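Working notes, structure below.
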Amino acid sequence: MNLKMNILAVICFFGITITGCNDSDVKYGYNNDYEIEDNGNGSSEGTISYETLFDPIHDAGQYTFPEMKRKPARYWSCIDALVGSNRNAPDLDSKGVQYHLLCQSIAGLVNRAVDEGKSDIGIWLRDEEHRNSYAVALNGVQAMNVTEQGLQTGTELAVNTYSDEDGFKRNVRHLFEGYVLTDVRNNPESSIVASVAAHVHNSIIVDVRDEQTFKNAGYEMKYDARNKTTRNAWEEFKDKCNNEGLVLMPVNTGELRDFAIQHGYFVINLNSSYAVPDGANKELLKEVLAWLAPGAPVYGWEQVIPEVDFVGPASLTGHIWIPNDWSYNLAFTSLDYKNRQSANLAKVVNPKNIDYSLHKNFYSFYLSDGDNVQWMMNHFVDEYYMDPNAESTYMGFGIPVINIAMQSPDQFKEIMNMQKSNYTLIEALGGGYMYIDTFGKDAPEGRSESLKKAAAKVAASMRQHRIKVLGLHARDYTNEEACKEAYQAFIDANDQLEGILVISLTGYADGGGKTYWLTNKDGLHIPVITAHYALWNHEGNNMRNEGSPAYLARLMKERAQTNGQTFSVISLHAWSNFNDMGQNPSETSEMNPQNTGNLKGASAAKLVERHLGDDFKVVSVQELIWRIRMQYYPEETQQYINTCLLYTSPSSRDT
């Protein structure tokens, strides 16, 4: 290790302000968990506890999500927007996507007005599904003394005039210039156009279905989107949009429109009809990506079209994808997030406590899709994270550490606090979703600089939350030169990084467990491990290194018989389902083409464990990495464990 830099980090923890601790001179408070182990000789020198090797919370450039900095005093809860929200409905009373878009536009414009100091009352889209994540986020907002004004429909909020209450202005109608007209039934793209026109014209979105209601209320049409296309919106409005971000969402959806409107982002769709994979705007997307500011993130997702058609060009131009398509109320969940960060620390495995003399075939599980922010806000915790089998299978969970900490610091804290000691939390996948082998190849600032900037942000987030393992995704892992360049960028940025796991787009286990060794700035060898196997239901079929629990167990046994002691990473495809068919099932009976099994995630992993004998032992991902490091670089690893955390006494510190 770089001893001087570790000394400086220690000094930072003790609250001493010096030059060199961080990018700027910052004073950090004493870390109460910090422990000094007595070396037994009575001197003031010793070893710092491994568990205290993390950075204090501070802004190191990783906070890139746009936030509503100004806190509203109160908020209206807008009701019924998220119930049956994206179906075409015949009339206003039946709500549907027309009503959803109205409510999203109201929320976006009102919350923008709050941030601009024009209103003290914001809009929260009420979650009728009663998801715990949004309750947690709302509790966090209310803890900031932001109180609920009451419940109203979006139509009521737009049409009614509310009198002041104890001097507090409750009205929001006066914040709108008029309305943008859509016809989502006959022209689905009119909803995309309107999402852009709404922030340009400061107007709510109204469909032809409901137009008369708003005319009767005195509203005037400011823009007619009924016959417009997304290309029309680009040509008319690109100079009036904020190029620090982009929203891509399907037509006939309302999600993320409040977010796009509040921050003035352009909105684009790929398919001209919902769930019809025509890719009509693939070429337009390339134009929009070239217009974006260097490194600007892309938010959302498209349906029923290969992800390479949109993540691919984004990666090439150096834009990281943030999958948060089914997300709501980002203005509130992320409210003032920079000032609400706290030292939520992952539980880690101290390498000193591992019994390296134990001889087994070691393997670990790594759940896929951890970059998915909206999943963290929906059913990840209850369906996967708290699976009763997750602790006994020592699950490795990819989570979007850097993004969920910004988009919902309260939910991030909840996830961190619920971590079991056997879990390994893994930053996925490099700050969002990117293909490391192509990332930044066509970026204006060049691939090297794009990788360096992305890696620096991820490193800051990982170090501050004691995340020791990084997950990455390659479009083609066989493009070894490009992949190694990316691996090295992330390793160079983070001397606390202990290992990297890699899956490939063409098949999560196409790497077959091949491990690359690269050195960090202190000369330590860091393993980059491709997934050996993938638990994946391919429509009821087994593929090379990918398939059912029984199939993977056989492959693992055969490999151990041939190679002796083995170390394996098994990627669990999050969306694959399996069935328990007993101790000796056929290799296809645990899955079916309809993917309708009742076991997934850790419960499916438990089947693999059951099919293996006593020669195999499941361990956490972090422990597996340390065992691999000890196996291949024993002297270096032992020296790290013994001496890397030495420090000198305060009286002799060189500041």
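How things are named: the first chain in the structure tokens is A, the next is B, and so on; residues count from 1 in each chain; ligands count from 1 in the order shown.
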Quick one: everything within 10 Å of Val288 of chain A, counting only C-alpha atoms, minus sequence neighbours fewer than 2 positions away in the same chain. Send it as a PDB file with C-alpha atoms, in the first residue's frame.
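After the write, result-v6.pdb holds the following:
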```
ATOM      1  CA  TRP A 234     -36.308  17.428 -31.724  1.00  0.00           C
ATOM      2  CA  LYS A 238     -33.638  20.893 -29.002  1.00  0.00           C
ATOM      3  CA  ASN A 243     -28.446  18.708 -22.498  1.00  0.00           C
ATOM      4  CA  LEU A 246     -31.859  12.632 -21.438  1.00  0.00           C
ATOM      5  CA  PHE A 266     -35.514  16.102 -24.007  1.00  0.00           C
ATOM      6  CA  VAL A 267     -37.642  12.937 -24.068  1.00  0.00           C
ATOM      7  CA  ILE A 268     -37.300  10.295 -26.762  1.00  0.00           C
ATOM      8  CA  GLU A 283     -31.132   7.080 -35.889  1.00  0.00           C
ATOM      9  CA  LEU A 284     -32.653  10.043 -34.069  1.00  0.00           C
ATOM     10  CA  LEU A 285     -31.267   8.672 -30.806  1.00  0.00           C
ATOM     11  CA  LYS A 286     -27.751   8.849 -32.248  1.00  0.00           C
ATOM     12  CA  ALA A 290     -24.178  13.459 -29.982  1.00  0.00           C
ATOM     13  CA  TRP A 291     -25.912  16.632 -28.752  1.00  0.00           C
ATOM     14  CA  LEU A 292     -25.762  15.686 -25.088  1.00  0.00           C
ATOM     15  CA  ALA A 314     -25.018   5.396 -25.470  1.00  0.00           C
TER      16      ALA A 314
END
```
Checklist line | Distance query Asn422 of chain A at most 10 Å, only C-alpha atoms, self and fewer than 2 positions along chain excluded, as a ChimeraX atom specification | finding: /A:347-349,390-396,419-420,424-425,619-623
Next item on the list: Pick out the residues sitting within 7 Å of segment 213-220 of chain A, and hand them over as a PyMOL selection string; count only C-alpha atoms, and ignore anything fewer than 6 positions along from it in its own chain.
Entry: chain A and resi 159+178-179
Margin query: Env of Ile204 of chain A: 7 Å cut, atoms = only C-alpha atoms, seq-sep filter 5 positions within chain, self excluded. Answer as a VMD selection string.
Written below: chain A and resid 102 105 to 106 176 178 to 180 198
Output of the above residues as a PDB file, in the first residue's frame, restricted to N, CA and C atoms:
```pdb
ATOM      1  N   LEU A 102     -51.214  13.991 -17.428  1.00  0.00           N
ATOM      2  CA  LEU A 102     -51.647  15.245 -16.819  1.00  0.00           C
ATOM      3  C   LEU A 102     -50.997  15.411 -15.447  1.00  0.00           C
ATOM      4  N   SER A 105     -47.243  15.987 -15.540  1.00  0.00           N
ATOM      5  CA  SER A 105     -46.877  17.343 -15.975  1.00  0.00           C
ATOM      6  C   SER A 105     -47.133  18.358 -14.869  1.00  0.00           C
ATOM      7  N   ILE A 106     -48.213  18.180 -14.128  1.00  0.00           N
ATOM      8  CA  ILE A 106     -48.486  19.068 -12.996  1.00  0.00           C
ATOM      9  C   ILE A 106     -47.359  18.967 -11.978  1.00  0.00           C
ATOM     10  N   PHE A 176     -49.244  27.633 -14.168  1.00  0.00           N
ATOM     11  CA  PHE A 176     -49.283  27.085 -15.521  1.00  0.00           C
ATOM     12  C   PHE A 176     -49.706  28.149 -16.528  1.00  0.00           C
ATOM     13  N   GLY A 178     -50.803  27.354 -19.636  1.00  0.00           N
ATOM     14  CA  GLY A 178     -51.912  26.815 -20.429  1.00  0.00           C
ATOM     15  C   GLY A 178     -51.760  25.316 -20.538  1.00  0.00           C
ATOM     16  N   TYR A 179     -52.123  24.734 -21.701  1.00  0.00           N
ATOM     17  CA  TYR A 179     -51.989  23.290 -21.856  1.00  0.00           C
ATOM     18  C   TYR A 179     -51.396  22.940 -23.213  1.00  0.00           C
ATOM     19  N   VAL A 180     -50.753  21.779 -23.255  1.00  0.00           N
ATOM     20  CA  VAL A 180     -50.250  21.168 -24.483  1.00  0.00           C
ATOM     21  C   VAL A 180     -51.202  20.030 -24.823  1.00  0.00           C
ATOM     22  N   ALA A 198     -44.167  20.642 -22.756  1.00  0.00           N
ATOM     23  CA  ALA A 198     -44.694  21.071 -21.462  1.00  0.00           C
ATOM     24  C   ALA A 198     -43.716  21.963 -20.726  1.00  0.00           C
TER      25      ALA A 198
END
```
Would you mind listing what lies within 6 Å of Asp183 of chain A as a PDB file with C-alpha atoms, in the first residue's frame, with only C-alpha atoms counted and same-chain residues fewer than 4 positions away left out?
```
ATOM      1  CA  ASN A 187     -50.826   9.313 -32.248  1.00  0.00           C
ATOM      2  CA  ASP A 207     -55.435  14.954 -24.081  1.00  0.00           C
ATOM      3  CA  VAL A 208     -58.215  15.556 -26.625  1.00  0.00           C
ATOM      4  CA  ARG A 226     -51.712  15.904 -31.747  1.00  0.00           C
TER       5      ARG A 226
END
```
Next item on the list: Write out as a ChimeraX atom specification the residues lying within 7 Å of segment 433-437 of chain A, counting only C-alpha atoms and excluding same-chain residues fewer than 2 positions away.
Entry: /A:311,315,320-322,371,429-431,439,473-476,479,482-483,486
Would you save the residues of that selection, restricted to N, CA and C atoms, as a PDB file, in the first residue's frame?
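Written file, result_23.pdb:
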```
ATOM      1  N   VAL A 311     -28.640   1.008 -25.403  1.00  0.00           N
ATOM      2  CA  VAL A 311     -27.487   1.058 -24.510  1.00  0.00           C
ATOM      3  C   VAL A 311     -26.198   1.058 -25.333  1.00  0.00           C
ATOM      4  N   SER A 315     -23.291   3.813 -24.817  1.00  0.00           N
ATOM      5  CA  SER A 315     -21.956   3.440 -24.356  1.00  0.00           C
ATOM      6  C   SER A 315     -20.881   3.942 -25.301  1.00  0.00           C
ATOM      7  N   ILE A 320     -23.563   6.932 -19.697  1.00  0.00           N
ATOM      8  CA  ILE A 320     -23.981   5.803 -18.874  1.00  0.00           C
ATOM      9  C   ILE A 320     -25.500   5.777 -18.774  1.00  0.00           C
ATOM     10  N   TRP A 321     -26.058   4.576 -18.894  1.00  0.00           N
ATOM     11  CA  TRP A 321     -27.503   4.403 -18.837  1.00  0.00           C
ATOM     12  C   TRP A 321     -27.930   4.164 -17.398  1.00  0.00           C
ATOM     13  N   ILE A 322     -28.982   4.863 -16.964  1.00  0.00           N
ATOM     14  CA  ILE A 322     -29.532   4.680 -15.622  1.00  0.00           C
ATOM     15  C   ILE A 322     -30.910   4.029 -15.765  1.00  0.00           C
ATOM     16  N   ASP A 371     -27.879  -3.018 -11.390  1.00  0.00           N
ATOM     17  CA  ASP A 371     -27.824  -1.621 -11.841  1.00  0.00           C
ATOM     18  C   ASP A 371     -29.212  -0.996 -11.903  1.00  0.00           C
ATOM     19  N   LEU A 429     -23.403  -1.273 -12.349  1.00  0.00           N
ATOM     20  CA  LEU A 429     -22.355  -1.903 -13.147  1.00  0.00           C
ATOM     21  C   LEU A 429     -21.444  -0.795 -13.672  1.00  0.00           C
ATOM     22  N   GLY A 430     -20.678  -0.221 -12.818  1.00  0.00           N
ATOM     23  CA  GLY A 430     -19.798   0.866 -13.239  1.00  0.00           C
ATOM     24  C   GLY A 430     -20.472   2.218 -13.242  1.00  0.00           C
ATOM     25  N   GLY A 431     -21.422   2.420 -12.308  1.00  0.00           N
ATOM     26  CA  GLY A 431     -22.101   3.712 -12.217  1.00  0.00           C
ATOM     27  C   GLY A 431     -23.396   3.781 -12.980  1.00  0.00           C
ATOM     28  N   PHE A 439     -17.286   1.475 -24.214  1.00  0.00           N
ATOM     29  CA  PHE A 439     -17.618   2.741 -23.572  1.00  0.00           C
ATOM     30  C   PHE A 439     -16.636   3.853 -23.965  1.00  0.00           C
ATOM     31  N   HIS A 473     -19.986  -5.066 -16.936  1.00  0.00           N
ATOM     32  CA  HIS A 473     -20.711  -5.767 -18.001  1.00  0.00           C
ATOM     33  C   HIS A 473     -20.032  -5.454 -19.327  1.00  0.00           C
ATOM     34  N   ALA A 474     -19.680  -6.487 -20.076  1.00  0.00           N
ATOM     35  CA  ALA A 474     -19.067  -6.312 -21.394  1.00  0.00           C
ATOM     36  C   ALA A 474     -20.053  -6.703 -22.485  1.00  0.00           C
ATOM     37  N   ARG A 475     -20.021  -5.969 -23.563  1.00  0.00           N
ATOM     38  CA  ARG A 475     -20.827  -6.399 -24.709  1.00  0.00           C
ATOM     39  C   ARG A 475     -20.226  -7.672 -25.298  1.00  0.00           C
ATOM     40  N   ASP A 476     -18.897  -7.720 -25.346  1.00  0.00           N
ATOM     41  CA  ASP A 476     -18.201  -8.898 -25.850  1.00  0.00           C
ATOM     42  C   ASP A 476     -16.926  -9.076 -25.038  1.00  0.00           C
ATOM     43  N   ASN A 479     -13.297  -9.273 -26.462  1.00  0.00           N
ATOM     44  CA  ASN A 479     -12.558  -8.074 -26.870  1.00  0.00           C
ATOM     45  C   ASN A 479     -11.617  -7.701 -25.719  1.00  0.00           C
ATOM     46  N   ALA A 482      -9.733  -4.135 -25.124  1.00  0.00           N
ATOM     47  CA  ALA A 482     -10.617  -3.053 -24.684  1.00  0.00           C
ATOM     48  C   ALA A 482     -11.114  -3.309 -23.265  1.00  0.00           C
ATOM     49  N   CYS A 483     -11.445  -4.556 -22.955  1.00  0.00           N
ATOM     50  CA  CYS A 483     -11.921  -4.863 -21.607  1.00  0.00           C
ATOM     51  C   CYS A 483     -10.845  -4.592 -20.574  1.00  0.00           C
ATOM     52  N   ALA A 486     -10.536  -1.020 -19.645  1.00  0.00           N
ATOM     53  CA  ALA A 486     -11.578  -0.582 -18.714  1.00  0.00           C
ATOM     54  C   ALA A 486     -11.315  -1.116 -17.307  1.00  0.00           C
TER      55      ALA A 486
END
```
Margin query: Write out as a list in words the set of residues from segment 589-627 of chain A that DSSP, computed on the backbone, places in helix (DSSP H, G or I).
Written below: Gly601, Ala602, Ser603, Ala604, Ala605, Lys606, Leu607, Val608, Glu609, Arg610, His611, Val621, Gln622, Glu623, Leu624, Ile625, Trp626 and Arg627 of chain A
Emit the selected residues as a compact mmCIF listing (two decimals), in the first residue's frame, including N, CA and C atoms.
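Printed below is part_27.txt as written:
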```txt
# COMPACT_ATOMS: atom_id res chain seq x y z
N GLY A 601 -33.82 -16.30 -7.64
CA GLY A 601 -32.82 -15.70 -6.77
C GLY A 601 -32.20 -16.72 -5.83
N ALA A 602 -32.12 -16.36 -4.54
CA ALA A 602 -31.46 -17.22 -3.56
C ALA A 602 -32.17 -18.56 -3.39
N SER A 603 -33.49 -18.60 -3.57
CA SER A 603 -34.22 -19.87 -3.44
C SER A 603 -33.83 -20.83 -4.56
N ALA A 604 -33.57 -20.31 -5.74
CA ALA A 604 -33.07 -21.15 -6.83
C ALA A 604 -31.63 -21.55 -6.58
N ALA A 605 -30.84 -20.64 -6.02
CA ALA A 605 -29.45 -20.95 -5.70
C ALA A 605 -29.37 -22.10 -4.70
N LYS A 606 -30.33 -22.15 -3.80
CA LYS A 606 -30.35 -23.22 -2.79
C LYS A 606 -30.43 -24.60 -3.44
N LEU A 607 -31.09 -24.69 -4.59
CA LEU A 607 -31.16 -25.96 -5.30
C LEU A 607 -29.78 -26.40 -5.77
N VAL A 608 -28.98 -25.45 -6.25
CA VAL A 608 -27.61 -25.78 -6.68
C VAL A 608 -26.82 -26.34 -5.50
N GLU A 609 -26.92 -25.65 -4.38
CA GLU A 609 -26.19 -26.08 -3.19
C GLU A 609 -26.60 -27.50 -2.78
N ARG A 610 -27.88 -27.80 -2.89
CA ARG A 610 -28.38 -29.11 -2.49
C ARG A 610 -27.86 -30.22 -3.39
N HIS A 611 -27.61 -29.89 -4.67
CA HIS A 611 -27.13 -30.91 -5.61
C HIS A 611 -25.64 -31.17 -5.48
N VAL A 621 -19.05 -13.72 -1.98
CA VAL A 621 -18.22 -13.28 -3.10
C VAL A 621 -16.92 -12.68 -2.59
N GLN A 622 -17.01 -11.88 -1.55
CA GLN A 622 -15.78 -11.25 -1.04
C GLN A 622 -14.81 -12.29 -0.51
N GLU A 623 -15.31 -13.27 0.22
CA GLU A 623 -14.41 -14.32 0.71
C GLU A 623 -13.81 -15.10 -0.45
N LEU A 624 -14.61 -15.40 -1.46
CA LEU A 624 -14.10 -16.13 -2.62
C LEU A 624 -12.94 -15.37 -3.26
N ILE A 625 -13.09 -14.05 -3.38
CA ILE A 625 -12.02 -13.24 -3.99
C ILE A 625 -10.75 -13.32 -3.16
N TRP A 626 -10.87 -13.25 -1.84
CA TRP A 626 -9.66 -13.34 -1.00
C TRP A 626 -9.04 -14.73 -1.08
N ARG A 627 -9.84 -15.75 -1.19
CA ARG A 627 -9.30 -17.11 -1.33
C ARG A 627 -8.56 -17.25 -2.66
```
Which residues of segment 243-352 of chain A come within 12 Å of segment 506-509 of chain A, and what is each one's closest atom pair and distance in Å (one decimal), counting only C-alpha atoms, sorted by chain and residue number, as a tab-separated table?
```
residue	atom	partner	partner_atom	distance
A:Pro306	CA	A:Thr506	CA	11.8
A:Glu307	CA	A:Thr506	CA	11.7
A:Val308	CA	A:Thr506	CA	10.6
```
Restricted to N, CA, C and O atoms, what would the selected residues look like written as a short mmCIF file (atom, residue, chain, number, x, y, z; two decimals), in the first residue's frame?
```
data_model
loop_
_atom_site.label_atom_id
_atom_site.label_comp_id
_atom_site.auth_asym_id
_atom_site.auth_seq_id
_atom_site.Cartn_x
_atom_site.Cartn_y
_atom_site.Cartn_z
N PRO A 306 -34.05 -5.01 -28.61
CA PRO A 306 -32.74 -5.36 -28.04
C PRO A 306 -32.08 -4.16 -27.37
O PRO A 306 -32.02 -3.07 -27.94
N GLU A 307 -31.58 -4.38 -26.16
CA GLU A 307 -30.98 -3.26 -25.42
C GLU A 307 -29.75 -2.71 -26.11
O GLU A 307 -29.39 -1.55 -25.90
N VAL A 308 -29.10 -3.52 -26.96
CA VAL A 308 -27.93 -3.00 -27.67
C VAL A 308 -28.32 -1.87 -28.60
O VAL A 308 -27.47 -1.06 -28.98
#
```
Check: Which polymer residues have any atom within 9 Å of an atom of Ser571 of chain A, counting only C-alpha atoms, with same-chain residues fewer than 3 positions away left out, as an MDAnalysis selection string?
Finding: chainID A and resid 364:368 503 508:509 531:536 574
Next item on the list: Can you check which residues of segment 428-524 of chain A DSSP gives as strand (DSSP E) on the backbone and send them as a PyMOL selection string?
Entry: chain A and resi 428+469-474+499-504+515-519
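Closest approach to Thr229 of chain A from the set A:Tyr99, A:Glu498, A:Asp492, A:Val251 is made by A:Val251, with distances taken over only C-alpha atoms.
Distance annotation: of A:Val83, A:Leu270, A:Val200, A:Ala428, the residue with the minimal separation from Ile404 of chain A is A:Ala428; atom set is only C-alpha atoms.
Across A:Glu485, A:Glu177, A:Asp239, A:Asp382, the tightest approach to Gly264 of chain A is made by A:Asp239 when counting only C-alpha atoms.
Considering only C-alpha atoms, the residue among A:Ser327, A:Asn584, A:Asn389, A:Gln98 positioned nearest to Asn252 of chain A is A:Gln98.
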Item checked: Å distance separating atom CA of Trp124 of chain A from atom CA of Ala73 of chain A, one decimal place ->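 Straight-line distance from atom CA of Trp124 of chain A to atom CA of Ala73 of chain A works out to 12.7 Å.
Each of A:Glu414, A:Val401, A:Gln374, A:Leu316 was compared to Ala443 of chain A using only C-alpha atoms, and A:Leu316 turns out to be the nearest.
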Notebook entry, point to check: Pick from A:Phe332, A:Met462, A:His379, A:Phe397: nearest to His130 of chain A, with only C-alpha atoms counted?
Noted result: A:His379
Next item on the list: Using atom CA of Ile399 of chain A and atom CA of Gly370 of chain A as the two end points, give the distance in Å to one decimal.
Entry: 4.3 Å
Notebook entry, point to check: Quick one: distance from atom CA of Gln212 of chain A to atom CA of Asp127 of chain A in Å, one decimal?
Noted result: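 Value for the atom CA of Gln212 of chain A-atom CA of Asp127 of chain A distance: 28.1 Å.
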